[in-house]
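Peer 1: The structure is given below, and queries will be raised subsequently.
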Protein chains: 2
Amino acid sequence: MTDTIAYFTESESVDAVTARVGERTDPRISLVMNALVTHLHAFIKDVELTQAEWALAVEFLTKTGQMCDGNRQEFILLSDVLGVSMLVDAINNRRPAGATENTVLGPFHVDGVPEYEMGTNISKDGGKETCLFQGIVTDLGGKPLEGARIDVWSDNEDGFYDVQQPGIQPHNNNRGVFVTGPDGLYWFEGIKPVSYPIPNDGPVGQLLGNLGRHPYRPAHMHFIVSAPGFETVITHTFVAGDTYLKSDAVFGVKKTLIAEYTQTPDGDTRWQSTFDFIMTPDT
Amino acid sequence: MTDTIAYFTESESVDAVTARVGERTDPRISLVMNALVTHLHAFIKDVELTQAEWALAVEFLTKTGQMCDGNRQEFILLSDVLGVSMLVDAINNRRPAGATENTVLGPFHVDGVPEYEMGTNISKDGGKETCLFQGIVTDLGGKPLEGARIDVWSDNEDGFYDVQQPGIQPHNNNRGVFVTGPDGLYWFEGIKPVSYPIPNDGPVGQLLGNLGRHPYRPAHMHFIVSAPGFETVITHTFVAGDTYLKSDAVFGVKKTLIAEYTQTPDGDTRWQSTFDFIMTPDT
């Protein structure tokens, strides 16, 4: 090892750190950590980070960790508002043109929700802006997929998920699982979702404030669509025309995921929204 | 705003995030955060971070935050072992050739330590490897500086600082403040410091293990040297010949900070180490 690497210098700071990695280190850990050090040092050099800013960063990260508990994951929020969650999702779920795209899972999915008959209304707290959700699940060639599992959830008309208001909202309010028949069709009733702020009473909310950003997400219905032999689609459909479509706090909106909600004044449901899921074969 | 920026895409992920910063945002916050997002996204794209690795990173950062309390700052340790602390120090304390260089402050400095007469022995727990520390404080031209304040601290012969062992070590063990006279000279007795591991029972220790790195710091004496009209020097002198000189866990060693420790078998002290501090004018 040369002295310039053994002893720290500003110009060779990256080499000083990466040269230290042990020879028997897992190659992937080595690659990821060396890239992290390279980019982290480049960032610090680019902005010539001051010692006061460094201390602020240490304090911010510490508070972010200490805000986390069983119900709150402030580091995921941080990842979300920096576009990191969407980027990792995008890299790991590249799909051919025409296939339904992914977006962030979000923190409010629940396992073990009941499977219902098609047509069931999943809004259990008397939501007034009822909506019929419908569409078809197909492969890339348009062939309907039988046995596709559609796991859906949304907020209620006050902008809260049931798990955010235990004891206030009915259990499994605005959640359900549906399975397609041979025609690949799905339909169920819920409510037209509403926009809501991400939790913004912690360090991440403060960061958004300092950046002049609002904490709102545009209204959306969550879907996980899975079928044997196909890549699982974790996505939302966004309500066309929502105020926050072009400024989602977590960057979840993709153009192909915006769905029309049309009024049906004389039916049982006041709105309807059609969205088809086009699945990519498993690789 | 164009659609490609309003709606997230993998290729324009950075623009999607940076375009969101409010117009009245403090320009420095804007610059730092936009650079952070640029480098963070570049890192993720370079390594094509998997979703499992992302989840591991969230868990690691959360644990790191939750390891912090009044006595333990795990994020500073993380900064240290990634070379970030040294890099920020280097960028903010560039000095002309010949001037004494900085290194990391470390977590064990204490304010309000007593000022002693030159020659005082600061080892209060009967350390056997006693050492005379001596030298001169001058400006860049070699002129002795009167009234220079020298704040020193080291571990004891077991490798612990007094604040790590309250009730075991005497209060202010191996700590002292000395002020130079007109000749700029300083001298005091202490012990020859010993190498020790940084706290490695937390997430950062685990990271070091995964990277095949040891947690040791080479033996060193801490100095803060300040004089009116000059940049304060926060530094260590490292014991020449120490096993860990070329592998300091926190990258603190600079070549100019290595000091000879020579044996003086017939004197009152068994070792002596001479180190001169050459101060840079305040800018």
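Residues in the structure tokens are numbered from 1 in each chain, the chains being A, B, ... in the order shown, and ligands are numbered from 1 in the order shown.
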Within 6 Å of chain A, which residues of chain B show up? Give each one with its shortest atom-to-atom distance in Å (one decimal) and the two atoms involved, counting only C-alpha atoms, rows by chain then rising residue number, as a tab-separated table.
Peer 2:
```
residue	atom	partner	partner_atom	distance
B:Ala6	CA	A:Lys246	CA	4.8
B:Tyr7	CA	A:Lys254	CA	5.1
B:Phe8	CA	A:Lys254	CA	5.8
B:Glu10	CA	A:Ala90	CA	6.0
B:Val21	CA	A:Leu211	CA	5.3
B:Gly22	CA	A:Gly212	CA	4.3
B:Thr25	CA	A:Leu211	CA	5.6
B:His39	CA	A:His39	CA	5.6
B:Thr62	CA	A:Gly65	CA	4.5
B:Gly65	CA	A:Gly65	CA	4.1
B:Gln66	CA	A:Gln66	CA	5.4
B:Ala90	CA	A:Glu10	CA	6.0
B:Leu211	CA	A:Val21	CA	5.3
B:Gly212	CA	A:Gly22	CA	4.3
B:Lys246	CA	A:Ala6	CA	4.8
B:Phe251	CA	A:Phe8	CA	5.9
B:Val253	CA	A:Tyr7	CA	5.5
B:Lys254	CA	A:Tyr7	CA	5.1
```
Peer 1: Go ahead and save the residues from that selection, with N, CA, C and O atoms, as a PDB file, in the first residue's frame.
Peer 2:
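Output below, filename out-v9.pdb:
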```pdb
ATOM      1  N   ALA B   6     -42.483  16.304 -14.488  1.00  0.00           N
ATOM      2  CA  ALA B   6     -43.596  16.210 -13.532  1.00  0.00           C
ATOM      3  C   ALA B   6     -43.827  14.758 -13.124  1.00  0.00           C
ATOM      4  O   ALA B   6     -44.095  14.468 -11.965  1.00  0.00           O
ATOM      5  N   TYR B   7     -43.733  13.846 -14.102  1.00  0.00           N
ATOM      6  CA  TYR B   7     -43.974  12.431 -13.833  1.00  0.00           C
ATOM      7  C   TYR B   7     -42.637  11.699 -13.813  1.00  0.00           C
ATOM      8  O   TYR B   7     -41.821  11.869 -14.712  1.00  0.00           O
ATOM      9  N   PHE B   8     -42.431  10.887 -12.803  1.00  0.00           N
ATOM     10  CA  PHE B   8     -41.158  10.209 -12.584  1.00  0.00           C
ATOM     11  C   PHE B   8     -40.793   9.275 -13.735  1.00  0.00           C
ATOM     12  O   PHE B   8     -41.605   8.473 -14.179  1.00  0.00           O
ATOM     13  N   GLU B  10     -37.169   6.783 -14.861  1.00  0.00           N
ATOM     14  CA  GLU B  10     -35.852   6.344 -14.396  1.00  0.00           C
ATOM     15  C   GLU B  10     -34.767   7.255 -14.948  1.00  0.00           C
ATOM     16  O   GLU B  10     -33.879   7.700 -14.215  1.00  0.00           O
ATOM     17  N   VAL B  21     -38.027  21.777  -6.032  1.00  0.00           N
ATOM     18  CA  VAL B  21     -37.585  22.699  -4.980  1.00  0.00           C
ATOM     19  C   VAL B  21     -38.219  24.075  -5.189  1.00  0.00           C
ATOM     20  O   VAL B  21     -38.210  24.607  -6.298  1.00  0.00           O
ATOM     21  N   GLY B  22     -38.787  24.637  -4.130  1.00  0.00           N
ATOM     22  CA  GLY B  22     -39.506  25.905  -4.222  1.00  0.00           C
ATOM     23  C   GLY B  22     -38.595  27.071  -4.583  1.00  0.00           C
ATOM     24  O   GLY B  22     -37.398  27.054  -4.291  1.00  0.00           O
ATOM     25  N   THR B  25     -36.658  28.946  -1.819  1.00  0.00           N
ATOM     26  CA  THR B  25     -35.788  28.133  -0.962  1.00  0.00           C
ATOM     27  C   THR B  25     -34.416  28.793  -0.818  1.00  0.00           C
ATOM     28  O   THR B  25     -33.883  29.328  -1.788  1.00  0.00           O
ATOM     29  N   HIS B  39     -26.018  12.894  -6.663  1.00  0.00           N
ATOM     30  CA  HIS B  39     -25.029  11.851  -6.358  1.00  0.00           C
ATOM     31  C   HIS B  39     -25.685  10.578  -5.809  1.00  0.00           C
ATOM     32  O   HIS B  39     -25.232   9.478  -6.095  1.00  0.00           O
ATOM     33  N   THR B  62     -31.834   3.021  10.372  1.00  0.00           N
ATOM     34  CA  THR B  62     -32.749   3.085  11.523  1.00  0.00           C
ATOM     35  C   THR B  62     -32.034   2.626  12.796  1.00  0.00           C
ATOM     36  O   THR B  62     -32.071   3.304  13.820  1.00  0.00           O
ATOM     37  N   GLY B  65     -29.495   5.199  14.003  1.00  0.00           N
ATOM     38  CA  GLY B  65     -30.133   6.298  14.737  1.00  0.00           C
ATOM     39  C   GLY B  65     -30.549   5.872  16.127  1.00  0.00           C
ATOM     40  O   GLY B  65     -30.407   6.629  17.097  1.00  0.00           O
ATOM     41  N   GLN B  66     -31.040   4.650  16.232  1.00  0.00           N
ATOM     42  CA  GLN B  66     -31.559   4.201  17.527  1.00  0.00           C
ATOM     43  C   GLN B  66     -30.444   3.783  18.488  1.00  0.00           C
ATOM     44  O   GLN B  66     -30.691   3.611  19.679  1.00  0.00           O
ATOM     45  N   ALA B  90     -10.812  18.156   6.179  1.00  0.00           N
ATOM     46  CA  ALA B  90      -9.766  18.557   5.222  1.00  0.00           C
ATOM     47  C   ALA B  90     -10.225  19.735   4.362  1.00  0.00           C
ATOM     48  O   ALA B  90      -9.483  20.704   4.169  1.00  0.00           O
ATOM     49  N   LEU B 211     -16.934  -5.573   5.971  1.00  0.00           N
ATOM     50  CA  LEU B 211     -15.948  -5.052   5.016  1.00  0.00           C
ATOM     51  C   LEU B 211     -14.552  -5.627   5.275  1.00  0.00           C
ATOM     52  O   LEU B 211     -13.588  -5.244   4.610  1.00  0.00           O
ATOM     53  N   GLY B 212     -14.436  -6.537   6.240  1.00  0.00           N
ATOM     54  CA  GLY B 212     -13.131  -7.116   6.559  1.00  0.00           C
ATOM     55  C   GLY B 212     -12.178  -6.100   7.162  1.00  0.00           C
ATOM     56  O   GLY B 212     -10.964  -6.187   6.954  1.00  0.00           O
ATOM     57  N   LYS B 246      -1.151   2.526   9.451  1.00  0.00           N
ATOM     58  CA  LYS B 246      -1.607   2.535   8.058  1.00  0.00           C
ATOM     59  C   LYS B 246      -3.007   1.966   7.908  1.00  0.00           C
ATOM     60  O   LYS B 246      -3.469   1.718   6.787  1.00  0.00           O
ATOM     61  N   PHE B 251      -9.355   6.786   9.590  1.00  0.00           N
ATOM     62  CA  PHE B 251      -8.533   7.476   8.570  1.00  0.00           C
ATOM     63  C   PHE B 251      -7.903   8.770   9.087  1.00  0.00           C
ATOM     64  O   PHE B 251      -7.631   9.689   8.310  1.00  0.00           O
ATOM     65  N   VAL B 253      -4.927   9.369  10.377  1.00  0.00           N
ATOM     66  CA  VAL B 253      -3.480   9.565  10.294  1.00  0.00           C
ATOM     67  C   VAL B 253      -3.084  10.381   9.060  1.00  0.00           C
ATOM     68  O   VAL B 253      -3.521  10.089   7.945  1.00  0.00           O
ATOM     69  N   LYS B 254      -2.286  11.412   9.284  1.00  0.00           N
ATOM     70  CA  LYS B 254      -1.608  12.105   8.188  1.00  0.00           C
ATOM     71  C   LYS B 254      -0.119  11.951   8.465  1.00  0.00           C
ATOM     72  O   LYS B 254       0.313  11.933   9.633  1.00  0.00           O
TER      73      LYS B 254
END
```
Peer 1: Going by DSSP on the backbone, which bits of segment 30-101 of chain A are helix (DSSP H, G or I)? Write them as JSON, numbers by chain, please.
Peer 2: {"A": [30, 31, 32, 33, 34, 35, 36, 37, 38, 39, 40, 41, 42, 43, 44, 45, 46, 47, 51, 52, 53, 54, 55, 56, 57, 58, 59, 60, 61, 62, 63, 64, 65, 66, 74, 75, 76, 77, 78, 79, 80, 81, 84, 85, 86, 87, 88, 89, 90, 91, 92]}
Peer 1: Create the file for the chosen residues now, containing N, CA and C atoms and written as a compact mmCIF listing (two decimals), in the first residue's frame.
Peer 2:
```txt
# COMPACT_ATOMS: atom_id res chain seq x y z
N SER A 30 -18.57 -5.20 -1.36
CA SER A 30 -17.42 -4.41 -1.76
C SER A 30 -17.80 -3.41 -2.85
N LEU A 31 -18.47 -3.89 -3.88
CA LEU A 31 -18.86 -3.03 -5.01
C LEU A 31 -19.82 -1.93 -4.55
N VAL A 32 -20.82 -2.31 -3.79
CA VAL A 32 -21.83 -1.32 -3.35
C VAL A 32 -21.21 -0.29 -2.42
N MET A 33 -20.40 -0.74 -1.46
CA MET A 33 -19.84 0.20 -0.49
C MET A 33 -18.79 1.10 -1.13
N ASN A 34 -18.00 0.56 -2.06
CA ASN A 34 -17.01 1.41 -2.73
C ASN A 34 -17.70 2.47 -3.60
N ALA A 35 -18.79 2.08 -4.25
CA ALA A 35 -19.55 3.06 -5.05
C ALA A 35 -20.17 4.11 -4.13
N LEU A 36 -20.68 3.68 -2.98
CA LEU A 36 -21.27 4.62 -2.02
C LEU A 36 -20.23 5.65 -1.57
N VAL A 37 -19.04 5.17 -1.21
CA VAL A 37 -17.98 6.07 -0.75
C VAL A 37 -17.57 7.03 -1.88
N THR A 38 -17.46 6.50 -3.09
CA THR A 38 -17.09 7.34 -4.24
C THR A 38 -18.09 8.48 -4.43
N HIS A 39 -19.37 8.16 -4.44
CA HIS A 39 -20.39 9.19 -4.68
C HIS A 39 -20.56 10.12 -3.48
N LEU A 40 -20.44 9.56 -2.28
CA LEU A 40 -20.59 10.38 -1.07
C LEU A 40 -19.46 11.41 -0.98
N HIS A 41 -18.23 10.98 -1.23
CA HIS A 41 -17.10 11.92 -1.20
C HIS A 41 -17.23 12.95 -2.32
N ALA A 42 -17.69 12.51 -3.50
CA ALA A 42 -17.87 13.45 -4.63
C ALA A 42 -18.90 14.52 -4.26
N PHE A 43 -19.98 14.11 -3.61
CA PHE A 43 -21.00 15.07 -3.16
C PHE A 43 -20.40 16.09 -2.21
N ILE A 44 -19.65 15.62 -1.22
CA ILE A 44 -19.07 16.52 -0.21
C ILE A 44 -18.09 17.49 -0.85
N LYS A 45 -17.30 16.99 -1.80
CA LYS A 45 -16.34 17.85 -2.49
C LYS A 45 -17.06 18.87 -3.39
N ASP A 46 -18.09 18.42 -4.09
CA ASP A 46 -18.85 19.32 -4.98
C ASP A 46 -19.38 20.53 -4.23
N VAL A 47 -19.96 20.30 -3.06
CA VAL A 47 -20.61 21.41 -2.35
C VAL A 47 -19.68 22.00 -1.29
N GLN A 51 -18.45 22.29 8.21
CA GLN A 51 -18.55 21.45 9.41
C GLN A 51 -19.90 21.64 10.10
N ALA A 52 -20.47 22.85 10.02
CA ALA A 52 -21.80 23.08 10.60
C ALA A 52 -22.86 22.28 9.85
N GLU A 53 -22.73 22.21 8.53
CA GLU A 53 -23.70 21.43 7.73
C GLU A 53 -23.55 19.94 8.02
N TRP A 54 -22.31 19.51 8.19
CA TRP A 54 -22.06 18.10 8.55
C TRP A 54 -22.74 17.78 9.89
N ALA A 55 -22.60 18.68 10.86
CA ALA A 55 -23.21 18.46 12.18
C ALA A 55 -24.73 18.42 12.06
N LEU A 56 -25.28 19.27 11.20
CA LEU A 56 -26.72 19.30 10.97
C LEU A 56 -27.18 17.98 10.35
N ALA A 57 -26.40 17.44 9.43
CA ALA A 57 -26.73 16.18 8.78
C ALA A 57 -26.72 15.04 9.81
N VAL A 58 -25.73 15.03 10.69
CA VAL A 58 -25.66 14.01 11.74
C VAL A 58 -26.90 14.10 12.63
N GLU A 59 -27.28 15.32 13.00
CA GLU A 59 -28.45 15.52 13.85
C GLU A 59 -29.73 15.09 13.13
N PHE A 60 -29.84 15.43 11.85
CA PHE A 60 -31.02 15.08 11.06
C PHE A 60 -31.18 13.56 10.97
N LEU A 61 -30.08 12.86 10.65
CA LEU A 61 -30.14 11.40 10.50
C LEU A 61 -30.47 10.74 11.84
N THR A 62 -29.91 11.28 12.92
CA THR A 62 -30.18 10.72 14.25
C THR A 62 -31.66 10.86 14.59
N LYS A 63 -32.21 12.07 14.38
CA LYS A 63 -33.64 12.29 14.66
C LYS A 63 -34.52 11.41 13.78
N THR A 64 -34.10 11.23 12.53
CA THR A 64 -34.88 10.40 11.60
C THR A 64 -34.95 8.96 12.13
N GLY A 65 -33.81 8.44 12.59
CA GLY A 65 -33.79 7.09 13.16
C GLY A 65 -34.65 6.99 14.41
N GLN A 66 -34.59 8.04 15.22
CA GLN A 66 -35.29 7.98 16.50
C GLN A 66 -36.79 8.23 16.36
N GLU A 74 -39.57 6.58 9.29
CA GLU A 74 -39.17 7.90 8.79
C GLU A 74 -38.08 7.80 7.71
N PHE A 75 -37.24 6.77 7.77
CA PHE A 75 -36.21 6.62 6.71
C PHE A 75 -36.84 6.22 5.37
N ILE A 76 -37.94 5.46 5.40
CA ILE A 76 -38.64 5.17 4.14
C ILE A 76 -39.26 6.46 3.60
N LEU A 77 -39.84 7.26 4.50
CA LEU A 77 -40.37 8.57 4.07
C LEU A 77 -39.27 9.40 3.42
N LEU A 78 -38.08 9.40 4.04
CA LEU A 78 -36.95 10.17 3.50
C LEU A 78 -36.60 9.66 2.10
N SER A 79 -36.50 8.34 1.98
CA SER A 79 -36.24 7.71 0.69
C SER A 79 -37.31 8.12 -0.32
N ASP A 80 -38.56 8.15 0.12
CA ASP A 80 -39.68 8.51 -0.77
C ASP A 80 -39.55 9.94 -1.29
N VAL A 81 -39.30 10.89 -0.38
CA VAL A 81 -39.33 12.30 -0.80
C VAL A 81 -38.08 12.70 -1.58
N VAL A 84 -35.83 8.28 -4.10
CA VAL A 84 -35.01 7.06 -4.04
C VAL A 84 -35.89 5.81 -4.13
N SER A 85 -37.02 5.81 -3.44
CA SER A 85 -37.89 4.63 -3.47
C SER A 85 -38.36 4.35 -4.89
N MET A 86 -38.78 5.42 -5.59
CA MET A 86 -39.25 5.25 -6.97
C MET A 86 -38.12 4.80 -7.89
N LEU A 87 -36.92 5.32 -7.65
CA LEU A 87 -35.78 4.95 -8.51
C LEU A 87 -35.43 3.47 -8.34
N VAL A 88 -35.37 3.01 -7.10
CA VAL A 88 -35.05 1.60 -6.85
C VAL A 88 -36.14 0.71 -7.46
N ASP A 89 -37.39 1.12 -7.31
CA ASP A 89 -38.48 0.37 -7.91
C ASP A 89 -38.34 0.33 -9.44
N ALA A 90 -38.03 1.46 -10.03
CA ALA A 90 -37.92 1.55 -11.50
C ALA A 90 -36.81 0.64 -12.03
N ILE A 91 -35.65 0.69 -11.36
CA ILE A 91 -34.49 -0.10 -11.79
C ILE A 91 -34.80 -1.60 -11.74
N ASN A 92 -35.56 -1.99 -10.72
CA ASN A 92 -35.81 -3.41 -10.50
C ASN A 92 -37.07 -3.93 -11.18
```
Peer 1: Write out as a ChimeraX atom specification the set of residues from segment 66-236 of chain B that DSSP, computed on the backbone, places in strand (DSSP E or B).
Peer 2: /B:69,72,115,121,130-139,144,149-153,166,169,175-179,185-191,196-197,216-217,220-226,230,233-236
Peer 1: What separation in Å, quoted to one decimal, exists between atom CA of Asn172 of chain B and atom CA of His109 of chain B?
Peer 2: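 Between atom CA of Asn172 of chain B and atom CA of His109 of chain B the gap works out to 10.7 Å.
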Peer 1: Report as a ChimeraX atom specification all protein, DNA and RNA residues lying within 12 Å of Asn156 of chain B, evaluated on only C-alpha atoms, omitting residues in the same chain fewer than 3 positions from it.
Peer 2: /B:122-130,153,159-165,168-170,172-175,190-196,219-221
Peer 1: Skipping near chain neighbours, those fewer than 2 positions away, what residues fall within 8 Å of Gly184 of chain A using only C-alpha atoms, listed as a PyMOL selection string?
Peer 2: chain A and resi 136-138+144-148+180-182+186
Peer 1: Out of B:Gly135, B:Gly142, B:Pro166, B:Gly98, which residue has the shortest atom-to-atom distance to Asn71 of chain B when counting only C-alpha atoms?
Peer 2: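 Closest to Asn71 of chain B, using only C-alpha atoms: B:Pro166.
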Peer 1: When you look at Asp151 of chain A with a cut-off of 10 Å (counting only C-alpha atoms), what residues show up, excluding the ones that are within fewer than 5 positions of it in the same chain? I need them as a short mmCIF file (atom, residue, chain, number, x, y, z; two decimals) with all heavy atoms, in the first residue's frame.
Peer 2:
```
data_model
loop_
_atom_site.label_atom_id
_atom_site.label_comp_id
_atom_site.auth_asym_id
_atom_site.auth_seq_id
_atom_site.Cartn_x
_atom_site.Cartn_y
_atom_site.Cartn_z
N HIS A 109 -50.05 -1.14 3.13
CA HIS A 109 -50.56 -2.45 2.70
C HIS A 109 -50.69 -3.38 3.90
O HIS A 109 -49.90 -3.31 4.84
CB HIS A 109 -49.62 -3.08 1.67
CG HIS A 109 -50.11 -4.41 1.19
ND1 HIS A 109 -49.54 -5.60 1.60
CD2 HIS A 109 -51.16 -4.73 0.40
CE1 HIS A 109 -50.21 -6.60 1.05
NE2 HIS A 109 -51.19 -6.10 0.32
N VAL A 110 -51.71 -4.26 3.86
CA VAL A 110 -51.95 -5.23 4.93
C VAL A 110 -52.09 -6.60 4.29
O VAL A 110 -52.76 -6.74 3.26
CB VAL A 110 -53.24 -4.85 5.71
CG1 VAL A 110 -53.68 -5.97 6.62
CG2 VAL A 110 -53.04 -3.55 6.48
N ASP A 111 -51.42 -7.60 4.90
CA ASP A 111 -51.58 -8.98 4.43
C ASP A 111 -52.83 -9.60 5.06
O ASP A 111 -53.28 -9.17 6.12
CB ASP A 111 -50.36 -9.82 4.86
CG ASP A 111 -49.14 -9.52 3.99
OD1 ASP A 111 -49.32 -9.30 2.78
OD2 ASP A 111 -48.03 -9.50 4.54
N VAL A 113 -55.98 -9.88 4.00
CA VAL A 113 -57.30 -9.25 3.79
C VAL A 113 -58.22 -10.27 3.12
O VAL A 113 -57.76 -11.07 2.29
CB VAL A 113 -57.11 -7.97 2.95
CG1 VAL A 113 -58.43 -7.43 2.43
CG2 VAL A 113 -56.37 -6.91 3.76
N PRO A 114 -59.55 -10.28 3.45
CA PRO A 114 -60.44 -11.29 2.86
C PRO A 114 -60.59 -11.17 1.34
O PRO A 114 -60.49 -10.08 0.79
CB PRO A 114 -61.80 -10.99 3.51
CG PRO A 114 -61.55 -10.09 4.65
CD PRO A 114 -60.23 -9.42 4.42
N GLU A 115 -60.83 -12.34 0.72
CA GLU A 115 -61.15 -12.37 -0.71
C GLU A 115 -62.66 -12.23 -0.85
O GLU A 115 -63.42 -12.91 -0.14
CB GLU A 115 -60.67 -13.69 -1.30
CG GLU A 115 -60.88 -13.78 -2.81
CD GLU A 115 -60.50 -15.15 -3.36
OE1 GLU A 115 -59.50 -15.74 -2.90
OE2 GLU A 115 -61.23 -15.63 -4.25
N ARG A 175 -60.45 -2.11 1.80
CA ARG A 175 -59.47 -3.13 1.41
C ARG A 175 -60.21 -4.36 0.91
O ARG A 175 -61.26 -4.70 1.46
CB ARG A 175 -58.66 -3.62 2.63
CG ARG A 175 -57.79 -2.60 3.24
CD ARG A 175 -57.02 -3.15 4.43
NE ARG A 175 -56.31 -2.05 5.05
CZ ARG A 175 -55.16 -1.55 4.58
NH1 ARG A 175 -54.57 -2.12 3.55
NH2 ARG A 175 -54.59 -0.52 5.16
N GLY A 176 -59.60 -5.07 -0.03
CA GLY A 176 -60.19 -6.33 -0.47
C GLY A 176 -59.29 -7.04 -1.45
O GLY A 176 -58.36 -6.45 -2.01
N VAL A 177 -59.57 -8.34 -1.60
CA VAL A 177 -58.85 -9.15 -2.59
C VAL A 177 -59.90 -9.75 -3.53
O VAL A 177 -60.95 -10.22 -3.07
CB VAL A 177 -58.03 -10.26 -1.90
CG1 VAL A 177 -57.46 -11.23 -2.93
CG2 VAL A 177 -56.91 -9.64 -1.06
N PHE A 178 -59.63 -9.71 -4.83
CA PHE A 178 -60.54 -10.27 -5.84
C PHE A 178 -59.73 -11.16 -6.77
O PHE A 178 -58.56 -10.88 -7.03
CB PHE A 178 -61.21 -9.13 -6.63
CG PHE A 178 -62.01 -8.21 -5.74
CD1 PHE A 178 -61.41 -7.09 -5.16
CD2 PHE A 178 -63.33 -8.48 -5.44
CE1 PHE A 178 -62.12 -6.25 -4.31
CE2 PHE A 178 -64.05 -7.64 -4.59
CZ PHE A 178 -63.45 -6.52 -4.01
N VAL A 179 -60.37 -12.22 -7.26
CA VAL A 179 -59.66 -13.14 -8.16
C VAL A 179 -60.46 -13.27 -9.46
O VAL A 179 -61.68 -13.50 -9.42
CB VAL A 179 -59.45 -14.52 -7.48
CG1 VAL A 179 -58.78 -15.50 -8.45
CG2 VAL A 179 -58.61 -14.36 -6.21
N HIS A 222 -54.68 1.84 -4.56
CA HIS A 222 -53.55 0.90 -4.63
C HIS A 222 -54.00 -0.44 -5.22
O HIS A 222 -55.09 -0.93 -4.88
CB HIS A 222 -53.03 0.60 -3.21
CG HIS A 222 -52.31 1.73 -2.57
ND1 HIS A 222 -50.95 1.87 -2.63
CD2 HIS A 222 -52.76 2.77 -1.82
CE1 HIS A 222 -50.58 2.95 -1.94
NE2 HIS A 222 -51.66 3.52 -1.44
N PHE A 223 -53.11 -1.02 -6.02
CA PHE A 223 -53.35 -2.36 -6.58
C PHE A 223 -52.07 -3.19 -6.49
O PHE A 223 -50.99 -2.68 -6.83
CB PHE A 223 -53.69 -2.27 -8.08
CG PHE A 223 -55.05 -1.73 -8.41
CD1 PHE A 223 -55.25 -0.37 -8.55
CD2 PHE A 223 -56.12 -2.58 -8.60
CE1 PHE A 223 -56.50 0.14 -8.88
CE2 PHE A 223 -57.38 -2.08 -8.93
CZ PHE A 223 -57.57 -0.71 -9.07
N ILE A 224 -52.21 -4.43 -6.06
CA ILE A 224 -51.16 -5.43 -6.32
C ILE A 224 -51.82 -6.51 -7.17
O ILE A 224 -52.79 -7.14 -6.72
CB ILE A 224 -50.59 -6.07 -5.02
CG1 ILE A 224 -49.94 -5.01 -4.14
CG2 ILE A 224 -49.57 -7.16 -5.38
CD1 ILE A 224 -49.38 -5.56 -2.82
N VAL A 225 -51.33 -6.67 -8.39
CA VAL A 225 -51.93 -7.66 -9.29
C VAL A 225 -50.90 -8.75 -9.54
O VAL A 225 -49.77 -8.47 -9.97
CB VAL A 225 -52.38 -7.02 -10.62
CG1 VAL A 225 -53.08 -8.06 -11.50
CG2 VAL A 225 -53.29 -5.83 -10.36
N SER A 226 -51.29 -10.00 -9.23
CA SER A 226 -50.34 -11.10 -9.42
C SER A 226 -51.04 -12.25 -10.14
O SER A 226 -52.25 -12.46 -9.99
CB SER A 226 -49.81 -11.57 -8.06
OG SER A 226 -50.88 -11.87 -7.19
N ILE A 234 -47.02 -3.97 -8.63
CA ILE A 234 -47.36 -3.19 -7.43
C ILE A 234 -47.55 -1.77 -7.90
O ILE A 234 -46.59 -1.14 -8.36
CB ILE A 234 -46.24 -3.28 -6.39
CG1 ILE A 234 -46.04 -4.73 -5.94
CG2 ILE A 234 -46.54 -2.37 -5.19
CD1 ILE A 234 -44.87 -4.92 -4.98
#
```
Peer 1: Quick one: contact table of segment 92-130 of chain B to segment 235-244 of chain B, 10 Å max, nearest atom pair and distance in Å to one decimal per residue, counting only C-alpha atoms, chain and number order, as CSV?
Peer 2:
```
residue,atom,partner,partner_atom,distance
B:Thr100,CA,B:Thr235,CA,8.4
B:Glu101,CA,B:Thr235,CA,6.9
B:Asn102,CA,B:Thr235,CA,4.6
B:Thr103,CA,B:Thr235,CA,4.6
B:Val104,CA,B:Thr235,CA,6.6
B:Leu105,CA,B:Thr235,CA,6.8
B:Gly106,CA,B:Thr235,CA,9.6
```
